[in-house]
Every structure is written in structure tokens, then in C-alpha cells.
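So this one's structure.cif, mmCIF, C-alpha atoms, pLDDT in the B column; chains and numbers go by the auth columns:
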data_entry
loop_
_atom_site.group_PDB
_atom_site.id
_atom_site.type_symbol
_atom_site.label_atom_id
_atom_site.label_comp_id
_atom_site.label_asym_id
_atom_site.label_seq_id
_atom_site.Cartn_x
_atom_site.Cartn_y
_atom_site.Cartn_z
_atom_site.B_iso_or_equiv
_atom_site.auth_seq_id
_atom_site.auth_asym_id
ATOM 1 C CA MET A 1 47.442 -44.709 -64.184 72.00 1 A
ATOM 2 C CA MET A 2 48.732 -47.893 -62.641 85.00 2 A
ATOM 3 C CA LEU A 3 48.218 -48.293 -58.932 92.00 3 A
ATOM 4 C CA GLU A 4 50.819 -49.948 -56.755 93.00 4 A
ATOM 5 C CA PRO A 5 50.314 -53.581 -55.668 95.00 5 A
ATOM 6 C CA ASP A 6 47.601 -53.794 -52.994 95.00 6 A
ATOM 7 C CA GLU A 7 46.813 -50.072 -53.322 95.00 7 A
ATOM 8 C CA ALA A 8 43.064 -49.394 -53.064 94.00 8 A
ATOM 9 C CA LEU A 9 41.311 -46.728 -55.135 95.00 9 A
ATOM 10 C CA ILE A 10 38.768 -44.887 -52.972 95.00 10 A
ATOM 11 C CA LEU A 11 37.689 -41.860 -55.026 96.00 11 A
ATOM 12 C CA ASP A 12 38.001 -40.742 -58.657 96.00 12 A
ATOM 13 C CA ALA A 13 36.760 -37.176 -59.232 97.00 13 A
ATOM 14 C CA PRO A 14 37.643 -33.986 -61.097 97.00 14 A
ATOM 15 C CA MET A 15 39.154 -31.328 -58.830 97.00 15 A
ATOM 16 C CA THR A 16 40.547 -27.845 -59.276 97.00 16 A
ATOM 17 C CA TYR A 17 44.269 -28.225 -58.685 97.00 17 A
ATOM 18 C CA SER A 18 46.800 -25.524 -57.808 97.00 18 A
ATOM 19 C CA ARG A 19 50.244 -25.198 -56.195 96.00 19 A
ATOM 20 C CA PHE A 20 51.673 -22.454 -53.971 94.00 20 A
ATOM 21 C CA TYR A 21 55.151 -21.177 -54.830 89.00 21 A
ATOM 22 C CA GLY A 22 57.194 -18.225 -56.024 83.00 22 A
ATOM 23 C CA THR A 23 59.266 -17.977 -59.192 76.00 23 A
ATOM 24 C CA ASP A 24 62.386 -16.290 -60.449 72.00 24 A
ATOM 25 C CA ALA A 25 61.537 -13.117 -62.321 71.00 25 A
ATOM 26 C CA VAL A 26 63.761 -10.670 -64.139 71.00 26 A
ATOM 27 C CA TYR A 27 63.232 -7.251 -65.604 66.00 27 A
ATOM 28 C CA SER A 28 65.235 -5.109 -67.982 73.00 28 A
ATOM 29 C CA HIS A 29 66.609 -1.896 -66.556 72.00 29 A
ATOM 30 C CA VAL A 30 66.608 0.740 -69.281 73.00 30 A
ATOM 31 C CA SER A 31 69.235 3.459 -69.322 77.00 31 A
ATOM 32 C CA GLY A 32 69.262 6.241 -71.822 73.00 32 A
ATOM 33 C CA PHE A 33 70.915 9.491 -72.660 73.00 33 A
ATOM 34 C CA ALA A 34 68.877 12.642 -73.176 73.00 34 A
ATOM 35 C CA VAL A 35 70.145 15.835 -74.742 76.00 35 A
ATOM 36 C CA GLY A 36 68.333 19.132 -74.931 79.00 36 A
ATOM 37 C CA ARG A 37 66.792 21.690 -72.715 83.00 37 A
ATOM 38 C CA PRO A 38 66.887 20.980 -68.964 80.00 38 A
ATOM 39 C CA ALA A 39 63.110 20.438 -68.784 82.00 39 A
ATOM 40 C CA TRP A 40 63.312 17.831 -71.594 75.00 40 A
ATOM 41 C CA VAL A 41 66.260 16.027 -69.946 72.00 41 A
ATOM 42 C CA LEU A 42 64.458 15.935 -66.574 78.00 42 A
ATOM 43 C CA ALA A 43 61.242 14.645 -68.194 78.00 43 A
ATOM 44 C CA ALA A 44 63.162 11.901 -70.051 75.00 44 A
ATOM 45 C CA MET A 45 64.979 10.838 -66.868 75.00 45 A
ATOM 46 C CA ALA A 46 61.713 10.798 -64.912 77.00 46 A
ATOM 47 C CA GLY A 47 60.028 8.689 -67.621 78.00 47 A
ATOM 48 C CA GLN A 48 62.880 6.170 -67.597 79.00 48 A
ATOM 49 C CA ALA A 49 62.796 5.971 -63.795 76.00 49 A
ATOM 50 C CA MET A 50 59.030 5.403 -63.779 79.00 50 A
ATOM 51 C CA GLY A 51 59.307 2.733 -66.470 76.00 51 A
ATOM 52 C CA ASN A 52 62.129 0.956 -64.602 71.00 52 A
ATOM 53 C CA ALA A 53 60.166 1.094 -61.319 76.00 53 A
ATOM 54 C CA SER A 54 57.077 -0.286 -63.033 79.00 54 A
ATOM 55 C CA ARG A 55 59.009 -3.199 -64.590 76.00 55 A
ATOM 56 C CA ARG A 56 60.794 -3.901 -61.282 74.00 56 A
ATOM 57 C CA ASN A 57 57.487 -3.914 -59.342 73.00 57 A
ATOM 58 C CA ALA A 58 55.894 -6.229 -61.920 75.00 58 A
ATOM 59 C CA ALA A 59 58.855 -8.628 -61.611 69.00 59 A
ATOM 60 C CA VAL A 60 58.643 -8.601 -57.804 68.00 60 A
ATOM 61 C CA ALA A 61 54.899 -9.320 -57.974 71.00 61 A
ATOM 62 C CA ALA A 62 55.435 -12.154 -60.465 69.00 62 A
ATOM 63 C CA ALA A 63 58.105 -13.712 -58.223 72.00 63 A
ATOM 64 C CA SER A 64 55.988 -13.561 -55.044 82.00 64 A
ATOM 65 C CA PRO A 65 54.657 -16.849 -53.692 85.00 65 A
ATOM 66 C CA MET A 66 51.052 -17.351 -54.793 88.00 66 A
ATOM 67 C CA TRP A 67 48.662 -20.085 -55.943 93.00 67 A
ATOM 68 C CA ARG A 68 49.659 -21.075 -59.480 91.00 68 A
ATOM 69 C CA GLU A 69 48.933 -23.781 -62.073 93.00 69 A
ATOM 70 C CA HIS A 70 45.142 -23.497 -61.649 96.00 70 A
ATOM 71 C CA GLN A 71 43.592 -26.289 -63.690 97.00 71 A
ATOM 72 C CA THR A 72 40.990 -29.022 -63.583 97.00 72 A
ATOM 73 C CA SER A 73 42.629 -32.300 -62.715 96.00 73 A
ATOM 74 C CA ARG A 74 41.386 -35.857 -62.676 97.00 74 A
ATOM 75 C CA THR A 75 42.080 -36.769 -59.069 97.00 75 A
ATOM 76 C CA LEU A 76 42.441 -40.287 -57.723 97.00 76 A
ATOM 77 C CA VAL A 77 42.409 -40.831 -53.968 96.00 77 A
ATOM 78 C CA THR A 78 43.851 -44.086 -52.699 96.00 78 A
ATOM 79 C CA ASP A 79 44.716 -45.484 -49.308 94.00 79 A
ATOM 80 C CA ARG A 80 48.355 -44.315 -49.821 95.00 80 A
ATOM 81 C CA ARG A 81 48.300 -41.135 -51.878 96.00 81 A
ATOM 82 C CA ILE A 82 46.469 -38.603 -53.975 97.00 82 A
ATOM 83 C CA LEU A 83 47.179 -38.684 -57.711 97.00 83 A
ATOM 84 C CA CYS A 84 46.463 -35.710 -59.969 97.00 84 A
ATOM 85 C CA ARG A 85 46.455 -35.692 -63.764 96.00 85 A
ATOM 86 C CA THR A 86 47.822 -32.246 -64.616 95.00 86 A
ATOM 87 C CA SER A 87 48.931 -30.650 -67.859 93.00 87 A
ATOM 88 C CA THR A 88 52.420 -32.085 -67.193 93.00 88 A
ATOM 89 C CA GLY A 89 51.237 -35.654 -66.460 94.00 89 A
ATOM 90 C CA TRP A 90 50.370 -37.682 -63.373 96.00 90 A
ATOM 91 C CA LEU A 91 51.655 -36.391 -60.031 96.00 91 A
ATOM 92 C CA SER A 92 51.648 -38.468 -56.837 96.00 92 A
ATOM 93 C CA PHE A 93 51.274 -36.932 -53.395 96.00 93 A
ATOM 94 C CA TYR A 94 51.950 -39.585 -50.770 96.00 94 A
ATOM 95 C CA TYR A 95 50.388 -39.159 -47.350 96.00 95 A
ATOM 96 C CA ALA A 96 53.756 -40.055 -45.796 95.00 96 A
ATOM 97 C CA GLY A 97 55.215 -36.817 -47.230 96.00 97 A
ATOM 98 C CA VAL A 98 52.535 -34.538 -45.789 97.00 98 A
ATOM 99 C CA SER A 99 53.704 -32.189 -43.036 96.00 99 A
ATOM 100 C CA VAL A 100 50.434 -30.276 -42.488 94.00 100 A
ATOM 101 C CA SER A 101 46.854 -30.778 -43.639 95.00 101 A
ATOM 102 C CA TYR A 102 44.163 -28.093 -43.871 95.00 102 A
ATOM 103 C CA PRO A 103 40.829 -29.772 -44.619 95.00 103 A
ATOM 104 C CA SER A 104 37.922 -27.411 -45.193 94.00 104 A
ATOM 105 C CA PRO A 105 34.888 -29.551 -46.019 93.00 105 A
ATOM 106 C CA GLU A 106 32.506 -26.569 -45.867 92.00 106 A
ATOM 107 C CA GLU A 107 34.474 -24.990 -48.717 94.00 107 A
ATOM 108 C CA SER A 108 35.066 -28.369 -50.438 95.00 108 A
ATOM 109 C CA THR A 109 38.816 -27.684 -50.292 96.00 109 A
ATOM 110 C CA LEU A 110 41.854 -29.584 -49.056 97.00 110 A
ATOM 111 C CA VAL A 111 45.280 -27.946 -48.746 97.00 111 A
ATOM 112 C CA LEU A 112 48.312 -30.107 -48.039 97.00 112 A
ATOM 113 C CA GLU A 113 51.835 -28.981 -47.188 97.00 113 A
ATOM 114 C CA PHE A 114 54.770 -31.315 -47.739 96.00 114 A
ATOM 115 C CA HIS A 115 58.216 -31.825 -46.266 93.00 115 A
ATOM 116 C CA ASP A 116 59.886 -31.526 -49.674 91.00 116 A
ATOM 117 C CA ALA A 117 57.408 -30.083 -52.182 92.00 117 A
ATOM 118 C CA GLU A 118 55.190 -27.055 -52.765 94.00 118 A
ATOM 119 C CA PRO A 119 51.754 -27.038 -51.111 97.00 119 A
ATOM 120 C CA ILE A 120 48.805 -28.303 -53.116 97.00 120 A
ATOM 121 C CA SER A 121 45.180 -27.173 -53.057 97.00 121 A
ATOM 122 C CA LEU A 122 42.348 -29.367 -54.312 98.00 122 A
ATOM 123 C CA HIS A 123 38.801 -28.048 -54.603 97.00 123 A
ATOM 124 C CA GLY A 124 35.671 -29.493 -56.139 96.00 124 A
ATOM 125 C CA SER A 125 32.254 -31.023 -55.710 95.00 125 A
ATOM 126 C CA GLU A 126 33.825 -34.044 -53.983 95.00 126 A
ATOM 127 C CA GLY A 127 36.035 -31.825 -51.806 95.00 127 A
ATOM 128 C CA ALA A 128 34.230 -32.684 -48.560 94.00 128 A
ATOM 129 C CA SER A 129 34.693 -36.399 -49.264 94.00 129 A
ATOM 130 C CA LEU A 130 38.345 -35.767 -50.076 96.00 130 A
ATOM 131 C CA CYS A 131 38.785 -33.969 -46.729 95.00 131 A
ATOM 132 C CA VAL A 132 37.335 -36.915 -44.812 93.00 132 A
ATOM 133 C CA LEU A 133 39.309 -39.539 -46.749 94.00 133 A
ATOM 134 C CA ALA A 134 42.600 -37.655 -46.491 94.00 134 A
ATOM 135 C CA THR A 135 42.136 -36.983 -42.767 94.00 135 A
ATOM 136 C CA ALA A 136 41.455 -40.669 -42.099 93.00 136 A
ATOM 137 C CA SER A 137 44.452 -41.707 -44.219 93.00 137 A
ATOM 138 C CA LEU A 138 46.788 -39.168 -42.630 93.00 138 A
ATOM 139 C CA TYR A 139 45.813 -39.436 -38.980 91.00 139 A
ATOM 140 C CA GLY A 140 43.764 -42.641 -38.679 90.00 140 A
ATOM 141 C CA ARG A 141 40.038 -43.157 -38.434 88.00 141 A
ATOM 142 C CA ASP A 142 39.962 -41.884 -34.847 88.00 142 A
ATOM 143 C CA ALA A 143 40.855 -38.437 -36.214 87.00 143 A
ATOM 144 C CA LEU A 144 37.440 -38.256 -37.870 87.00 144 A
ATOM 145 C CA ALA A 145 35.920 -37.897 -34.397 87.00 145 A
ATOM 146 C CA GLN A 146 38.564 -35.431 -33.186 87.00 146 A
ATOM 147 C CA HIS A 147 39.795 -33.203 -36.028 87.00 147 A
ATOM 148 C CA PRO A 148 38.416 -29.673 -35.505 87.00 148 A
ATOM 149 C CA ALA A 149 37.885 -29.072 -39.235 87.00 149 A
ATOM 150 C CA LEU A 150 35.422 -31.975 -39.343 85.00 150 A
ATOM 151 C CA GLU A 151 33.319 -30.678 -36.433 84.00 151 A
ATOM 152 C CA SER A 152 30.428 -29.750 -38.725 78.00 152 A
ATOM 153 C CA PHE A 153 30.021 -33.405 -39.730 72.00 153 A
ATOM 154 C CA ARG A 154 29.802 -34.483 -36.102 69.00 154 A
ATOM 155 C CA GLU A 155 27.127 -31.877 -35.421 66.00 155 A
ATOM 156 C CA LEU A 156 24.800 -33.272 -38.095 62.00 156 A
ATOM 157 C CA GLU A 157 21.905 -35.327 -36.791 55.00 157 A
ATOM 158 C CA PRO A 158 21.065 -38.532 -38.624 60.00 158 A
ATOM 159 C CA ALA A 159 17.933 -38.135 -40.749 57.00 159 A
ATOM 160 C CA GLU A 160 15.958 -40.718 -38.767 53.00 160 A
ATOM 161 C CA GLU A 161 16.638 -38.932 -35.455 51.00 161 A
ATOM 162 C CA SER A 162 15.602 -35.514 -36.676 49.00 162 A
ATOM 163 C CA ALA A 163 12.324 -36.842 -38.106 51.00 163 A
ATOM 164 C CA ALA A 164 11.313 -39.172 -35.237 52.00 164 A
ATOM 165 C CA GLY A 165 13.039 -37.557 -32.270 53.00 165 A
ATOM 166 C CA PRO A 166 16.124 -38.825 -30.431 54.00 166 A
ATOM 167 C CA SER A 167 17.145 -42.408 -30.933 50.00 167 A
ATOM 168 C CA THR A 168 16.950 -44.846 -28.012 49.00 168 A
ATOM 169 C CA ARG A 169 19.903 -46.899 -29.209 45.00 169 A
#

Is it possible to give me this structure as C-alpha cells?
Amino acid sequence: MMLEPDEALILDAPMTYSRFYGTDAVYSHVSGFAVGRPAWVLAAMAGQAMGNASRRNAAVAAASPMWREHQTSRTLVTDRRILCRTSTGWLSFYYAGVSVSYPSPEESTLVLEFHDAEPISLHGSEGASLCVLATASLYGRDALAQHPALESFRELEPAEESAAGPSTR
């Protein structure tokens, strides 16, 4: 993957990638004609109705918005965007297109919503780092001290303070 001029690569890690969207789904409505005793005709009509309802419900469930395209993706984080190598090729998610960010460093997950694209979820062993990098890129470095999702990082004591008591700096 070629980076843009003056674009800086910050992180290269495998992540679990998925997108949130619905799809178009269709089902086949079956109609039939039954001849015979009334009990047989009623049973055949009931069976067709149950089969049609089952196919219709399955189509509605398949069309519902949900997380899809679950796959492991090579993920590059730069100072301008997040790039993901998916089964369809490289996808770029520019920070400028993000409308909402949901960093969850405790769960090693970052969810981004966009102005003109389906939301993306990235999860992996480097997820906490991704949350910090994306938050700084989206909102500036000052956001690292203010974003509520990063509160747990601010609560951590440095190792030298916890071992030797409070620092006098």
C-alpha cells in the first residue's frame, strides 16, 4: 500500500474488521392448489402459510442492519487515515470523514461512524493503541486528557510512583 506524500505510518497490526449495515433480501412466496378432503386442504394451506412466514422472517432477519464482513485485516494507522486490507482490497477511512468515534480501549475496540459510509469496527491486541491514536488524530492531543473513554489510562499510576510513593516532581 502506497502512502500519500508526507503521510506518516504510526501502527501496522492485524485487527478484526467488520462493518454495520443492512442488505436487500428477497424470499419466494409459494402458492399452491390442494384438492381432497377438507382436512387435507386445510393442512396443505396451513403448511404453505407456515413455510411462507418462515421464509419471510428469514429474509427480514437477513436484511436487518448488523455487523457483517467479519475478517482479520492488516490495519495501517497513519496520521490521516486508517487503512484496512480486506478480502476486497485496501480500504481507506479518513479521519476527516468520521462523524462519531467510540473508542473502547478496555475492550481493545474502536468503532467509527462516517458521514457517507457504513460504520466500521476494529478489534485486536493493538486495539487500545488504536483507540489512543485515533482519538488524538480525530480530536487533537488535548483530547487524550479529556475524552471519557480514555479515563482508565489517566487513572493509571506510573510504575515508579506506585513502587516508591508519590513523585515530588

Could you state the separation of atom CA of Val98 of chain A and atom CA of Glu118 of chain A in Å, given to one decimal place? 10.6 Å

If you count all atoms listed in the file, the residue of A:Phe153, A:Tyr21, A:Tyr139, A:Tyr95 closest to Met66 of chain A turns out to be A:Tyr21

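For the point (38.5, -36.8, -53.1), the residues with at least one atom inside 9 Å, counting only C-alpha atoms, are Ile10, Leu11, Asp12, Ala13, Pro14, Met15, Thr75, Leu76, Val77, Ile82, Leu110, Leu122, His123, Gly124, Ser125, Glu126, Gly127, Ala128, Ser129, Leu130, Cys131, Val132, Leu133 and Ala134 of chain A.
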
Just so the selection is clear, what residues does the PyMOL selection byres ((chain A and resi 80) around 12) cover here, as a list in words? Leu3, Glu4, Pro5, Asp6, Glu7, Ala8, Leu9, Ile10, Leu76, Val77, Thr78, Asp79, Arg81, Ile82, Leu83, Ser92, Phe93, Tyr94, Tyr95, Ala96, Gly97, Val98, Leu133, Ala134, Thr135, Ala136, Ser137 and Leu138 of chain A

Write out the residues from the selection above, keeping C-alpha atoms, as a short mmCIF file (atom, residue, chain, number, x, y, z; two decimals), in the frame of the given file.
data_model
loop_
_atom_site.label_atom_id
_atom_site.label_comp_id
_atom_site.auth_asym_id
_atom_site.auth_seq_id
_atom_site.Cartn_x
_atom_site.Cartn_y
_atom_site.Cartn_z
CA LEU A 3 48.22 -48.29 -58.93
CA GLU A 4 50.82 -49.95 -56.76
CA PRO A 5 50.31 -53.58 -55.67
CA ASP A 6 47.60 -53.79 -52.99
CA GLU A 7 46.81 -50.07 -53.32
CA ALA A 8 43.06 -49.39 -53.06
CA LEU A 9 41.31 -46.73 -55.14
CA ILE A 10 38.77 -44.89 -52.97
CA LEU A 76 42.44 -40.29 -57.72
CA VAL A 77 42.41 -40.83 -53.97
CA THR A 78 43.85 -44.09 -52.70
CA ASP A 79 44.72 -45.48 -49.31
CA ARG A 81 48.30 -41.14 -51.88
CA ILE A 82 46.47 -38.60 -53.98
CA LEU A 83 47.18 -38.68 -57.71
CA SER A 92 51.65 -38.47 -56.84
CA PHE A 93 51.27 -36.93 -53.40
CA TYR A 94 51.95 -39.58 -50.77
CA TYR A 95 50.39 -39.16 -47.35
CA ALA A 96 53.76 -40.06 -45.80
CA GLY A 97 55.22 -36.82 -47.23
CA VAL A 98 52.54 -34.54 -45.79
CA LEU A 133 39.31 -39.54 -46.75
CA ALA A 134 42.60 -37.66 -46.49
CA THR A 135 42.14 -36.98 -42.77
CA ALA A 136 41.46 -40.67 -42.10
CA SER A 137 44.45 -41.71 -44.22
CA LEU A 138 46.79 -39.17 -42.63
#

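Using only C-alpha atoms for every distance, the candidate list A:Ser99, A:Asn57, A:Asn52, A:Ser18 yields A:Ser99 as the residue closest to His115 of chain A.
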
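Minimum atom-to-atom distance to Cys84 of chain A, evaluated using all atoms listed in the file, belongs to A:Thr72 out of A:Thr72, A:Ser64, A:Ser28, A:Gln48.
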
Which residues are near Ser121 of chain A? Cut-off 8 Å, all atoms listed in the file, ignore same chain within fewer than 2 positions. Put them as a list in words. Thr16, Tyr17, Ser18, Arg19, Thr109, Leu110, Val111, Leu112, Pro119 and His123 of chain A

Contacts of segment 49-51 of chain A at 9 Å or less, counting all atoms listed in the file, minus same-chain residues fewer than 3 places along, as a CSV table (one decimal) with C-alpha atoms, in the coordinates of the input?
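Output contents, as saved in selection33.csv:
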chain,number,residue,atom,x,y,z
A,29,HIS,CA,66.6,-1.9,-66.6
A,30,VAL,CA,66.6,0.7,-69.3
A,31,SER,CA,69.2,3.5,-69.3
A,44,ALA,CA,63.2,11.9,-70.1
A,45,MET,CA,65.0,10.8,-66.9
A,46,ALA,CA,61.7,10.8,-64.9
A,54,SER,CA,57.1,-0.3,-63.0
A,55,ARG,CA,59.0,-3.2,-64.6
A,56,ARG,CA,60.8,-3.9,-61.3

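Here the PyMOL selection byres ((chain A and resi 85) around 6) matches the residues A:Ser73, A:Arg74, A:Cys84, A:Thr86, A:Gly89, A:Trp90.
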
Take the structure in the block and write a file for segment 102-164 of chain A, C-alpha atoms, as a PDB file, in the first residue's frame.
ATOM      1  CA  TYR A 102     -16.495   5.166  20.017  1.00  0.00           C
ATOM      2  CA  PRO A 103     -13.114   4.168  21.455  1.00  0.00           C
ATOM      3  CA  SER A 104     -13.198   1.336  23.970  1.00  0.00           C
ATOM      4  CA  PRO A 105      -9.602   0.643  24.995  1.00  0.00           C
ATOM      5  CA  GLU A 106     -10.655  -1.764  27.768  1.00  0.00           C
ATOM      6  CA  GLU A 107     -12.264  -3.956  25.103  1.00  0.00           C
ATOM      7  CA  SER A 108      -9.490  -3.228  22.554  1.00  0.00           C
ATOM      8  CA  THR A 109     -12.165  -1.991  20.132  1.00  0.00           C
ATOM      9  CA  LEU A 110     -12.690   1.145  18.070  1.00  0.00           C
ATOM     10  CA  VAL A 111     -15.977   1.873  16.286  1.00  0.00           C
ATOM     11  CA  LEU A 112     -16.155   4.749  13.824  1.00  0.00           C
ATOM     12  CA  GLU A 113     -19.233   6.190  12.137  1.00  0.00           C
ATOM     13  CA  PHE A 114     -18.896   8.175   8.926  1.00  0.00           C
ATOM     14  CA  HIS A 115     -20.803  10.918   7.152  1.00  0.00           C
ATOM     15  CA  ASP A 116     -21.094   8.865   3.959  1.00  0.00           C
ATOM     16  CA  ALA A 117     -20.194   5.236   4.695  1.00  0.00           C
ATOM     17  CA  GLU A 118     -21.187   2.319   6.915  1.00  0.00           C
ATOM     18  CA  PRO A 119     -19.704   2.187  10.426  1.00  0.00           C
ATOM     19  CA  ILE A 120     -16.540   0.180  10.951  1.00  0.00           C
ATOM     20  CA  SER A 121     -15.416  -1.811  13.983  1.00  0.00           C
ATOM     21  CA  LEU A 122     -11.779  -2.718  14.583  1.00  0.00           C
ATOM     22  CA  HIS A 123     -10.757  -5.040  17.405  1.00  0.00           C
ATOM     23  CA  GLY A 124      -7.470  -6.673  18.288  1.00  0.00           C
ATOM     24  CA  SER A 125      -4.464  -6.898  20.550  1.00  0.00           C
ATOM     25  CA  GLU A 126      -3.411  -3.383  19.498  1.00  0.00           C
ATOM     26  CA  GLY A 127      -6.957  -2.044  19.919  1.00  0.00           C
ATOM     27  CA  ALA A 128      -6.109   0.130  22.934  1.00  0.00           C
ATOM     28  CA  SER A 129      -3.262   1.748  20.988  1.00  0.00           C
ATOM     29  CA  LEU A 130      -5.593   2.254  18.039  1.00  0.00           C
ATOM     30  CA  CYS A 131      -8.120   3.991  20.326  1.00  0.00           C
ATOM     31  CA  VAL A 132      -5.484   6.411  21.611  1.00  0.00           C
ATOM     32  CA  LEU A 133      -4.022   7.127  18.163  1.00  0.00           C
ATOM     33  CA  ALA A 134      -7.414   7.631  16.524  1.00  0.00           C
ATOM     34  CA  THR A 135      -8.645   9.887  19.340  1.00  0.00           C
ATOM     35  CA  ALA A 136      -5.535  12.066  19.071  1.00  0.00           C
ATOM     36  CA  SER A 137      -5.847  12.212  15.272  1.00  0.00           C
ATOM     37  CA  LEU A 138      -9.565  12.991  15.346  1.00  0.00           C
ATOM     38  CA  TYR A 139      -9.750  15.485  18.190  1.00  0.00           C
ATOM     39  CA  GLY A 140      -6.158  16.591  18.845  1.00  0.00           C
ATOM     40  CA  ARG A 141      -3.729  15.568  21.541  1.00  0.00           C
ATOM     41  CA  ASP A 142      -5.616  17.558  24.183  1.00  0.00           C
ATOM     42  CA  ALA A 143      -8.476  15.065  23.796  1.00  0.00           C
ATOM     43  CA  LEU A 144      -6.280  12.371  25.331  1.00  0.00           C
ATOM     44  CA  ALA A 145      -6.609  14.185  28.663  1.00  0.00           C
ATOM     45  CA  GLN A 146     -10.344  14.840  28.259  1.00  0.00           C
ATOM     46  CA  HIS A 147     -12.052  12.019  26.342  1.00  0.00           C
ATOM     47  CA  PRO A 148     -14.196   9.999  28.784  1.00  0.00           C
ATOM     48  CA  ALA A 149     -13.408   6.671  27.093  1.00  0.00           C
ATOM     49  CA  LEU A 150      -9.715   7.146  27.898  1.00  0.00           C
ATOM     50  CA  GLU A 151     -10.312   7.810  31.609  1.00  0.00           C
ATOM     51  CA  SER A 152      -8.832   4.452  32.613  1.00  0.00           C
ATOM     52  CA  PHE A 153      -5.467   5.468  31.137  1.00  0.00           C
ATOM     53  CA  ARG A 154      -5.432   8.674  33.160  1.00  0.00           C
ATOM     54  CA  GLU A 155      -6.164   6.746  36.348  1.00  0.00           C
ATOM     55  CA  LEU A 156      -3.072   4.552  35.972  1.00  0.00           C
ATOM     56  CA  GLU A 157      -0.170   5.468  38.218  1.00  0.00           C
ATOM     57  CA  PRO A 158       3.297   5.452  36.697  1.00  0.00           C
ATOM     58  CA  ALA A 159       5.286   2.404  37.808  1.00  0.00           C
ATOM     59  CA  GLU A 160       7.914   4.472  39.630  1.00  0.00           C
ATOM     60  CA  GLU A 161       5.271   6.284  41.718  1.00  0.00           C
ATOM     61  CA  SER A 162       3.475   3.151  42.814  1.00  0.00           C
ATOM     62  CA  ALA A 163       6.724   1.479  43.907  1.00  0.00           C
ATOM     63  CA  ALA A 164       8.385   4.461  45.648  1.00  0.00           C
TER      64      ALA A 164
END
